[in-house]
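See below for upload-v4.pdb, which holds PDB, C-alpha atoms.
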```pdb
MODEL        1
ATOM      1  CA  MET F   1     123.773 108.634 101.833
ATOM      2  CA  ARG F   2     120.154 109.523 102.576
ATOM      3  CA  PRO F   3     118.054 106.626 103.865
ATOM      4  CA  LEU F   4     115.768 104.451 101.831
ATOM      5  CA  VAL F   5     112.321 104.538 103.465
ATOM      6  CA  VAL F   6     110.085 101.468 103.703
ATOM      7  CA  THR F   7     106.387 101.279 104.572
ATOM      8  CA  PRO F   8     105.587  97.622 105.397
ATOM      9  CA  GLY F   9     101.848  98.055 104.808
ATOM     10  CA  CYS F  10      98.904  96.675 106.728
ATOM     11  CA  PRO F  11      99.936  95.587 110.275
ATOM     12  CA  ARG F  12      97.557  92.615 110.073
ATOM     13  CA  GLY F  13      99.158  91.244 106.907
ATOM     14  CA  ILE F  14     102.538  89.767 106.029
ATOM     15  CA  GLY F  15     104.194  93.126 105.340
ATOM     16  CA  ALA F  16     106.118  93.210 108.621
ATOM     17  CA  GLU F  17     107.284  89.616 108.199
ATOM     18  CA  VAL F  18     108.513  90.016 104.625
ATOM     19  CA  THR F  19     110.206  93.297 105.512
ATOM     20  CA  ALA F  20     112.042  91.622 108.383
ATOM     21  CA  GLY F  21     113.010  88.697 106.170
ATOM     22  CA  ALA F  22     114.253  90.908 103.358
ATOM     23  CA  MET F  23     116.237  93.154 105.675
ATOM     24  CA  SER F  24     118.010  90.119 107.128
ATOM     25  CA  ARG F  25     119.414  89.405 103.648
ATOM     26  CA  LEU F  26     120.355  92.921 102.545
ATOM     27  CA  ASP F  27     123.048  95.503 103.081
ATOM     28  CA  ILE F  28     121.871  98.568 101.165
ATOM     29  CA  GLY F  29     122.883 101.419 103.424
ATOM     30  CA  ASP F  30     120.634 103.305 105.808
ATOM     31  CA  VAL F  31     117.003 102.169 105.880
ATOM     32  CA  LEU F  32     114.105 103.781 107.732
ATOM     33  CA  VAL F  33     111.063 101.526 108.270
ATOM     34  CA  VAL F  34     107.891 103.507 109.015
ATOM     35  CA  GLY F  35     104.804 101.780 110.367
ATOM     36  CA  ASP F  36     103.392  99.915 113.347
ATOM     37  CA  VAL F  37     106.589  99.506 115.370
ATOM     38  CA  ALA F  38     105.053  96.889 117.686
ATOM     39  CA  ALA F  39     104.090  94.724 114.690
ATOM     40  CA  LEU F  40     107.546  95.179 113.193
ATOM     41  CA  ARG F  41     109.282  94.111 116.379
ATOM     42  CA  ALA F  42     106.934  91.152 116.782
ATOM     43  CA  ALA F  43     107.921  90.060 113.266
ATOM     44  CA  GLY F  44     111.564  90.033 114.309
ATOM     45  CA  LEU F  45     112.697  93.393 112.962
ATOM     46  CA  ALA F  46     114.992  95.191 115.397
ATOM     47  CA  GLU F  47     116.875  98.446 115.157
ATOM     48  CA  ARG F  48     120.580  98.187 114.411
ATOM     49  CA  PRO F  49     123.211 100.396 112.820
ATOM     50  CA  GLY F  50     121.767 101.492 109.481
ATOM     51  CA  LEU F  51     118.219 100.379 110.316
ATOM     52  CA  GLN F  52     115.740 102.551 112.184
ATOM     53  CA  LEU F  53     112.081 101.912 113.067
ATOM     54  CA  LEU F  54     109.689 104.852 113.223
ATOM     55  CA  SER F  55     105.994 105.284 113.986
ATOM     56  CA  PRO F  56     104.274 107.815 111.712
ATOM     57  CA  PRO F  57     102.758 110.913 113.333
ATOM     58  CA  SER F  58      99.494 110.110 115.068
ATOM     59  CA  SER F  59      96.448 110.795 112.914
ATOM     60  CA  SER F  60      92.925 109.615 112.225
ATOM     61  CA  GLU F  61      94.193 107.557 109.284
ATOM     62  CA  PRO F  62      95.102 103.870 109.483
ATOM     63  CA  VAL F  63      98.756 103.564 110.456
ATOM     64  CA  GLU F  64      99.755 102.129 107.079
ATOM     65  CA  ILE F  65      98.231 105.141 105.280
ATOM     66  CA  ALA F  66      99.807 107.645 107.662
ATOM     67  CA  ALA F  67     103.136 105.904 107.038
ATOM     68  CA  ILE F  68     102.823 106.261 103.261
ATOM     69  CA  ARG F  69     101.947 109.937 103.633
ATOM     70  CA  TRP F  70     104.949 110.596 105.885
ATOM     71  CA  ALA F  71     107.359 108.575 103.758
ATOM     72  CA  THR F  72     106.283 110.238 100.515
ATOM     73  CA  GLU F  73     106.804 113.661 102.030
ATOM     74  CA  ALA F  74     110.271 112.586 103.191
ATOM     75  CA  CYS F  75     111.129 111.629  99.613
ATOM     76  CA  LEU F  76     109.673 114.840  98.179
ATOM     77  CA  THR F  77     111.687 117.009 100.581
ATOM     78  CA  GLY F  78     114.881 115.074  99.974
ATOM     79  CA  GLU F  79     115.120 113.568 103.452
ATOM     80  CA  ALA F  80     114.848 110.080 101.935
ATOM     81  CA  ARG F  81     116.130 108.852  98.575
ATOM     82  CA  ALA F  82     113.466 106.299  97.646
ATOM     83  CA  LEU F  83     110.251 104.664  98.822
ATOM     84  CA  CYS F  84     109.561 100.925  98.946
ATOM     85  CA  THR F  85     106.045  99.898  99.961
ATOM     86  CA  GLY F  86     104.560  96.712 101.357
ATOM     87  CA  PRO F  87     100.978  95.570 100.724
ATOM     88  CA  ILE F  88      97.896  97.353 102.005
ATOM     89  CA  HIS F  89      94.420  95.852 102.344
ATOM     90  CA  LYS F  90      92.224  98.132 100.245
ATOM     91  CA  ALA F  91      88.929  97.169 101.903
ATOM     92  CA  ARG F  92      90.260  97.682 105.425
ATOM     93  CA  ALA F  93      91.927 100.942 104.431
ATOM     94  CA  ALA F  94      88.655 102.158 102.897
ATOM     95  CA  ALA F  95      86.819 101.265 106.091
ATOM     96  CA  GLY F  96      89.275 103.526 107.889
ATOM     97  CA  GLY F  97      88.483 106.442 105.588
ATOM     98  CA  PHE F  98      90.995 105.869 102.768
ATOM     99  CA  ALA F  99      89.463 107.427  99.640
ATOM    100  CA  PHE F 100      91.830 106.041  96.985
ATOM    101  CA  SER F 101      91.783 102.808  95.006
ATOM    102  CA  GLY F 102      95.304 101.902  96.056
ATOM    103  CA  HIS F 103      98.897 102.992  96.501
ATOM    104  CA  THR F 104      99.381 104.392  93.016
ATOM    105  CA  ASP F 105      96.420 106.777  93.083
ATOM    106  CA  PHE F 106      97.356 107.934  96.582
ATOM    107  CA  LEU F 107     100.979 108.556  95.615
ATOM    108  CA  ALA F 108      99.896 110.471  92.512
ATOM    109  CA  HIS F 109      97.728 112.650  94.756
ATOM    110  CA  LEU F 110     100.492 113.237  97.301
ATOM    111  CA  CYS F 111     103.028 114.063  94.595
ATOM    112  CA  GLY F 112     100.657 116.208  92.550
ATOM    113  CA  THR F 113     101.430 114.071  89.512
ATOM    114  CA  PRO F 114      98.542 113.055  87.240
ATOM    115  CA  SER F 115      98.559 109.730  85.446
ATOM    116  CA  PRO F 116     101.632 107.838  86.664
ATOM    117  CA  VAL F 117     102.398 104.627  84.810
ATOM    118  CA  MET F 118     102.326 101.217  86.471
ATOM    119  CA  ALA F 119     105.333  99.128  85.475
ATOM    120  CA  PHE F 120     106.746  95.821  86.664
ATOM    121  CA  VAL F 121     110.181  94.249  86.706
ATOM    122  CA  GLY F 122     110.666  90.492  86.792
ATOM    123  CA  GLY F 123     114.315  89.537  86.475
ATOM    124  CA  GLU F 124     115.477  91.288  83.308
ATOM    125  CA  VAL F 125     111.955  91.594  81.848
ATOM    126  CA  ARG F 126     110.216  94.945  82.265
ATOM    127  CA  VAL F 127     106.585  95.675  81.451
ATOM    128  CA  ALA F 128     104.511  98.872  81.556
ATOM    129  CA  LEU F 129     100.733  99.096  81.235
ATOM    130  CA  VAL F 130      98.674 101.577  79.225
ATOM    131  CA  THR F 131      95.488 100.635  81.110
ATOM    132  CA  VAL F 132      95.368  99.008  84.521
ATOM    133  CA  HIS F 133      92.342  97.874  86.542
ATOM    134  CA  LEU F 134      89.522  97.949  84.017
ATOM    135  CA  PRO F 135      86.902  95.441  82.928
ATOM    136  CA  LEU F 136      88.147  93.938  79.669
ATOM    137  CA  ARG F 137      85.101  95.257  77.818
ATOM    138  CA  ASP F 138      86.170  98.829  78.667
ATOM    139  CA  VAL F 139      89.760  98.540  77.506
ATOM    140  CA  PRO F 140      89.389  99.249  73.735
ATOM    141  CA  ALA F 141      87.815 102.654  74.325
ATOM    142  CA  ARG F 142      90.737 103.608  76.573
ATOM    143  CA  ILE F 143      93.369 102.725  73.986
ATOM    144  CA  THR F 144      93.760 106.165  72.468
ATOM    145  CA  GLU F 145      96.693 107.798  70.732
ATOM    146  CA  ALA F 146      97.046 110.179  73.688
ATOM    147  CA  ALA F 147      97.052 107.368  76.264
ATOM    148  CA  VAL F 148      99.644 105.296  74.426
ATOM    149  CA  LEU F 149     101.857 108.317  73.749
ATOM    150  CA  HIS F 150     101.670 109.385  77.389
ATOM    151  CA  THR F 151     102.802 105.930  78.470
ATOM    152  CA  LEU F 152     105.695 105.911  76.015
ATOM    153  CA  ARG F 153     106.875 109.341  77.150
ATOM    154  CA  VAL F 154     106.717 108.462  80.859
ATOM    155  CA  VAL F 155     108.437 105.116  80.390
ATOM    156  CA  ASP F 156     111.198 106.542  78.213
ATOM    157  CA  HIS F 157     111.874 109.303  80.750
ATOM    158  CA  ALA F 158     111.974 106.858  83.689
ATOM    159  CA  LEU F 159     114.353 104.481  81.944
ATOM    160  CA  ARG F 160     116.659 107.355  81.032
ATOM    161  CA  THR F 161     116.635 109.223  84.343
ATOM    162  CA  GLN F 162     116.230 106.443  86.917
ATOM    163  CA  LEU F 163     117.771 103.415  85.203
ATOM    164  CA  HIS F 164     120.253 105.580  83.236
ATOM    165  CA  LEU F 165     119.692 103.899  79.872
ATOM    166  CA  ALA F 166     120.952 106.125  77.070
ATOM    167  CA  ALA F 167     118.516 104.999  74.372
ATOM    168  CA  PRO F 168     115.753 102.719  75.712
ATOM    169  CA  ARG F 169     114.081 100.314  73.293
ATOM    170  CA  LEU F 170     110.332  99.981  73.818
ATOM    171  CA  ALA F 171     108.387  97.090  72.267
ATOM    172  CA  VAL F 172     104.778  98.247  71.952
ATOM    173  CA  CYS F 173     102.152  95.500  71.914
ATOM    174  CA  GLY F 174      99.035  95.614  69.802
ATOM    175  CA  LEU F 175      95.697  95.251  71.522
ATOM    176  CA  ASN F 176      94.312  92.545  69.257
ATOM    177  CA  PRO F 177      95.645  89.114  68.265
ATOM    178  CA  HIS F 178      98.562  89.392  65.831
ATOM    179  CA  ALA F 179      98.526  93.176  66.373
ATOM    180  CA  GLY F 180      95.280  93.458  64.451
ATOM    181  CA  GLU F 181      96.390  91.795  61.193
ATOM    182  CA  GLY F 182      96.369  95.120  59.348
ATOM    183  CA  GLY F 183      92.861  95.961  60.509
ATOM    184  CA  LEU F 184      91.275  92.556  59.990
ATOM    185  CA  LEU F 185      91.095  91.861  63.734
ATOM    186  CA  GLY F 186      90.402  95.365  65.016
ATOM    187  CA  ASP F 187      91.364  98.935  64.269
ATOM    188  CA  GLU F 188      92.984 100.058  67.544
ATOM    189  CA  GLU F 189      96.442  99.450  66.124
ATOM    190  CA  LEU F 190      95.729 101.624  63.068
ATOM    191  CA  ARG F 191      93.832 104.456  64.722
ATOM    192  CA  ALA F 192      95.689 104.778  68.035
ATOM    193  CA  ILE F 193      98.755 102.630  68.650
ATOM    194  CA  THR F 194     100.676 103.170  65.394
ATOM    195  CA  PRO F 195     100.119 106.963  65.369
ATOM    196  CA  ALA F 196     101.362 107.124  68.965
ATOM    197  CA  ILE F 197     104.482 105.132  68.076
ATOM    198  CA  LEU F 198     105.210 107.408  65.102
ATOM    199  CA  ARG F 199     104.853 110.530  67.243
ATOM    200  CA  ALA F 200     107.075 109.010  69.904
ATOM    201  CA  GLN F 201     109.716 108.151  67.307
ATOM    202  CA  ALA F 202     109.608 111.744  66.044
ATOM    203  CA  GLU F 203     110.423 112.824  69.619
ATOM    204  CA  GLY F 204     113.459 110.554  69.752
ATOM    205  CA  ILE F 205     111.827 107.736  71.711
ATOM    206  CA  GLY F 206     112.958 104.271  70.674
ATOM    207  CA  ALA F 207     109.500 102.730  70.400
ATOM    208  CA  TYR F 208     108.656 100.120  67.778
ATOM    209  CA  GLY F 209     105.607  98.092  66.800
ATOM    210  CA  PRO F 210     102.844  97.404  67.243
ATOM    211  CA  VAL F 211     103.927  93.824  67.726
ATOM    212  CA  SER F 212     101.824  90.921  68.891
ATOM    213  CA  ALA F 213     102.090  90.301  72.619
ATOM    214  CA  GLU F 214     103.147  86.715  72.019
ATOM    215  CA  GLU F 215     106.070  87.892  69.900
ATOM    216  CA  ALA F 216     107.094  90.525  72.445
ATOM    217  CA  PHE F 217     107.187  88.031  75.311
ATOM    218  CA  MET F 218     108.847  85.304  73.262
ATOM    219  CA  HIS F 219     111.780  87.669  72.688
ATOM    220  CA  PRO F 220     111.889  90.036  75.677
ATOM    221  CA  GLU F 221     115.625  90.507  75.223
ATOM    222  CA  ALA F 222     114.924  92.541  72.067
ATOM    223  CA  ALA F 223     113.615  95.451  74.139
ATOM    224  CA  ASP F 224     114.431  97.214  77.384
ATOM    225  CA  LEU F 225     110.715  97.266  78.231
ATOM    226  CA  ILE F 226     107.476  95.896  76.811
ATOM    227  CA  VAL F 227     104.472  98.219  76.716
ATOM    228  CA  ALA F 228     101.264  96.200  77.161
ATOM    229  CA  MET F 229      97.805  97.553  76.450
ATOM    230  CA  TYR F 230      96.001  95.985  79.421
ATOM    231  CA  HIS F 231      96.651  94.335  82.756
ATOM    232  CA  ASP F 232      96.648  90.623  81.975
ATOM    233  CA  GLN F 233      98.330  91.051  78.585
ATOM    234  CA  GLY F 234     101.417  92.244  80.419
ATOM    235  CA  LEU F 235     101.282  90.631  83.822
ATOM    236  CA  ALA F 236     100.133  87.084  83.062
ATOM    237  CA  PRO F 237     103.300  86.173  81.116
ATOM    238  CA  LEU F 238     105.563  88.182  83.409
ATOM    239  CA  LYS F 239     104.295  86.538  86.588
ATOM    240  CA  ARG F 240     104.463  83.112  84.973
ATOM    241  CA  VAL F 241     108.169  83.676  84.521
ATOM    242  CA  ASP F 242     109.013  85.367  87.808
ATOM    243  CA  PHE F 243     106.068  85.303  90.235
ATOM    244  CA  GLY F 244     107.032  85.934  93.822
ATOM    245  CA  ARG F 245     109.991  88.101  92.857
ATOM    246  CA  THR F 246     108.284  90.621  90.580
ATOM    247  CA  VAL F 247     108.538  94.278  91.547
ATOM    248  CA  ASN F 248     106.015  97.051  90.959
ATOM    249  CA  TRP F 249     107.842 100.202  89.740
ATOM    250  CA  THR F 250     105.720 103.364  89.588
ATOM    251  CA  MET F 251     106.940 105.573  86.746
ATOM    252  CA  GLY F 252     106.077 109.225  86.293
ATOM    253  CA  LEU F 253     106.390 110.283  89.935
ATOM    254  CA  PRO F 254     108.970 112.842  91.104
ATOM    255  CA  ILE F 255     110.251 110.181  93.532
ATOM    256  CA  VAL F 256     111.552 106.626  93.194
ATOM    257  CA  ARG F 257     108.902 104.147  94.333
ATOM    258  CA  THR F 258     108.905 100.365  94.178
ATOM    259  CA  SER F 259     106.605  97.796  95.756
ATOM    260  CA  VAL F 260     105.961  94.101  96.204
ATOM    261  CA  ASP F 261     103.864  92.162  93.695
ATOM    262  CA  HIS F 262     101.541  90.540  96.262
ATOM    263  CA  GLY F 263      98.807  91.378  98.727
ATOM    264  CA  THR F 264      98.550  91.185 102.489
ATOM    265  CA  ALA F 265      98.074  87.367 102.482
ATOM    266  CA  ASP F 266      96.412  87.386 105.902
ATOM    267  CA  ALA F 267      96.172  83.597 105.994
ATOM    268  CA  LEU F 268      99.971  83.299 105.928
ATOM    269  CA  VAL F 269     100.620  85.558 108.910
ATOM    270  CA  GLY F 270     102.612  83.710 111.566
ATOM    271  CA  THR F 271     102.812  80.481 109.574
ATOM    272  CA  GLY F 272     106.399  80.920 108.432
ATOM    273  CA  ARG F 273     105.293  80.415 104.813
ATOM    274  CA  ALA F 274     105.337  84.048 103.706
ATOM    275  CA  ARG F 275     108.174  84.532 101.206
ATOM    276  CA  CYS F 276     110.182  87.744 101.271
ATOM    277  CA  ASP F 277     111.616  87.446  97.738
ATOM    278  CA  SER F 278     109.462  90.190  96.231
ATOM    279  CA  MET F 279     110.200  92.613  99.074
ATOM    280  CA  GLU F 280     113.892  91.853  98.749
ATOM    281  CA  ALA F 281     113.739  92.484  94.996
ATOM    282  CA  ALA F 282     111.746  95.683  95.524
ATOM    283  CA  LEU F 283     114.290  96.977  98.031
ATOM    284  CA  ARG F 284     117.172  96.115  95.729
ATOM    285  CA  LEU F 285     115.536  97.925  92.810
ATOM    286  CA  ALA F 286     114.704 100.999  94.908
ATOM    287  CA  ASP F 287     118.307 101.080  96.065
ATOM    288  CA  ARG F 288     119.604 100.709  92.534
ATOM    289  CA  LEU F 289     117.342 103.380  91.046
ATOM    290  CA  SER F 290     118.140 105.934  93.733
ATOM    291  CA  ARG F 291     121.914 105.726  93.740
ATOM    292  CA  PRO F 292     123.809 108.562  92.036
ATOM    293  CA  THR F 293     125.421 106.163  89.577
ATOM    294  CA  LEU F 294     124.360 102.762  88.355
ATOM    295  CA  SER F 295     126.269  99.763  87.255
ATOM    296  CA  PRO F 296     125.383  98.723  83.687
ATOM    297  CA  PRO F 297     121.974  96.964  83.693
TER     298      PRO F 297
ENDMDL
END
```

Could you render the structure as structure tokens?
Amino acid sequence: MRPLVVTPGCPRGIGAEVTAGAMSRLDIGDVLVVGDVAALRAAGLAERPGLQLLSPPSSSEPVEIAAIRWATEACLTGEARALCTGPIHKARAAAGGFAFSGHTDFLAHLCGTPSPVMAFVGGEVRVALVTVHLPLRDVPARITEAAVLHTLRVVDHALRTQLHLAAPRLAVCGLNPHAGEGGLLGDEELRAITPAILRAQAEGIGAYGPVSAEEAFMHPEAADLIVAMYHDQGLAPLKRVDFGRTVNWTMGLPIVRTSVDHGTADALVGTGRARCDSMEAALRLADRLSRPTLSPP
């Protein structure tokens, strides 16, 4: 089987440590770790059968960015079956000439895919976001019928093609408390969210709602994925349930990509307190999504 490729992220963060820790627990076939090989070895990661360390081609980019570029190309050309990424430090990457706001924008650029969808998996709870890193005051204007419908289409396709669900059920949250109370608490549900759901249903997508976010997260088992309208609506309850093991799953790319749910945590480097649970979960999900057949979810 083709290798799963891992980019541990910033060499000055905990990426190398959590990658080494996760790899010590896993047996998922061939894995290629691309990054600062000296940092990886210092963190205790050593080559062995099924595990190879590789430095990305020399370039003017920070090593973690060059690694992502190389690994993405390997996935696009079919040399690798999936990409799992560790954390990068956005400010340090920008100082080194990185022109993107983060992994997702960079991957969208490399893959030539506009508007991927950021989703997260925590245990058996899955969440996708219509809007991501916006000031809260700017969110209502971005909740349009087109934006919600795009999210529903991307999510439905990813669940069918990567997770192999035959008929995904999507619980679509309202933006406002109690999903707007029929227009009493805002009109986004009436003018944007409900029309998007109806169009999605006409296309055979199993979306329903809008439902209040509190209802959706009280009964997550009712859906295969919850579609949240903004960042904290979806991630605050998810991380409360499963923080430290949550996985970022980028939907809408032509490749499988998962990532950890945490940053570089510079203060934890070398302390022995960095937990590898999220990296382990991200590797397991990347492995699962990129295998030819899946066991029932």

### Minimum-distance residue to F:Arg160, chosen among F:Gly206, F:Gly9, F:Leu83, F:Asp287 (using all atoms listed in the file)
F:Gly206

### Task
Step by step, work through what the PyMOL selection byres ((chain F and resi 180) around 12) selects in the shown file, and finish by giving those residues as a VMD selection string.
chain F and resid 173 to 179 181 to 194 209 to 213

### Long-range neighbours of F:Leu76 as a list of chain:residue names, 8 Å cut-off, only C-alpha atoms, 4 positions minimum in chain
F:Thr72, F:Ala80, F:Cys111, F:Pro254, F:Ile255

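With distances taken over all atoms listed in the file, F:Arg12 is the one residue among F:Arg12, F:Arg199, F:Arg240, F:Arg142 lying closest to F:Ile88.
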
## Note on the structure
Using only C-alpha atoms, the residue out of F:Ser59, F:Asp277, F:Ala166, F:Val125 with shortest distance to F:Leu225 is F:Val125

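Taking atom CA of F:Leu235 and atom CA of F:Leu26 as the two end points, the separation is 26.8 Å.
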
### Message
When you count all atoms listed in the file, which of these residues is closest to F:Thr246: F:Leu198, F:Leu4, F:Ala119, F:Leu170?
### Response
F:Ala119

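The gap separating atom CA of F:Cys10 from atom CA of F:Gly270 is 14.3 Å, in Å to one decimal.
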
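Put simply, atom CA of F:Asp266 is 17.0 Å away from atom CA of F:Ala94.
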
### Task
Find the spatial neighbours of stretch 16-24 of chain F, counting all atoms listed in the file, within a cut-off of 6 Å - ignore same-chain residues fewer than 2 positions away - and output them as a list in words.
Pro8, Ile14, Leu26, Leu40, Ala43, Leu45, Cys276 and Glu280 of chain F

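With all atoms listed in the file as the atoms that count, the residue of F:Thr264, F:Val148, F:Gly78, F:Pro168 with the shortest distance to F:Lys90 is F:Thr264.
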
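Between F:Ser101 and the residues F:Leu165, F:His133, F:Trp70, F:Thr258, the shortest atom-to-atom distance, using only C-alpha atoms, involves F:His133.
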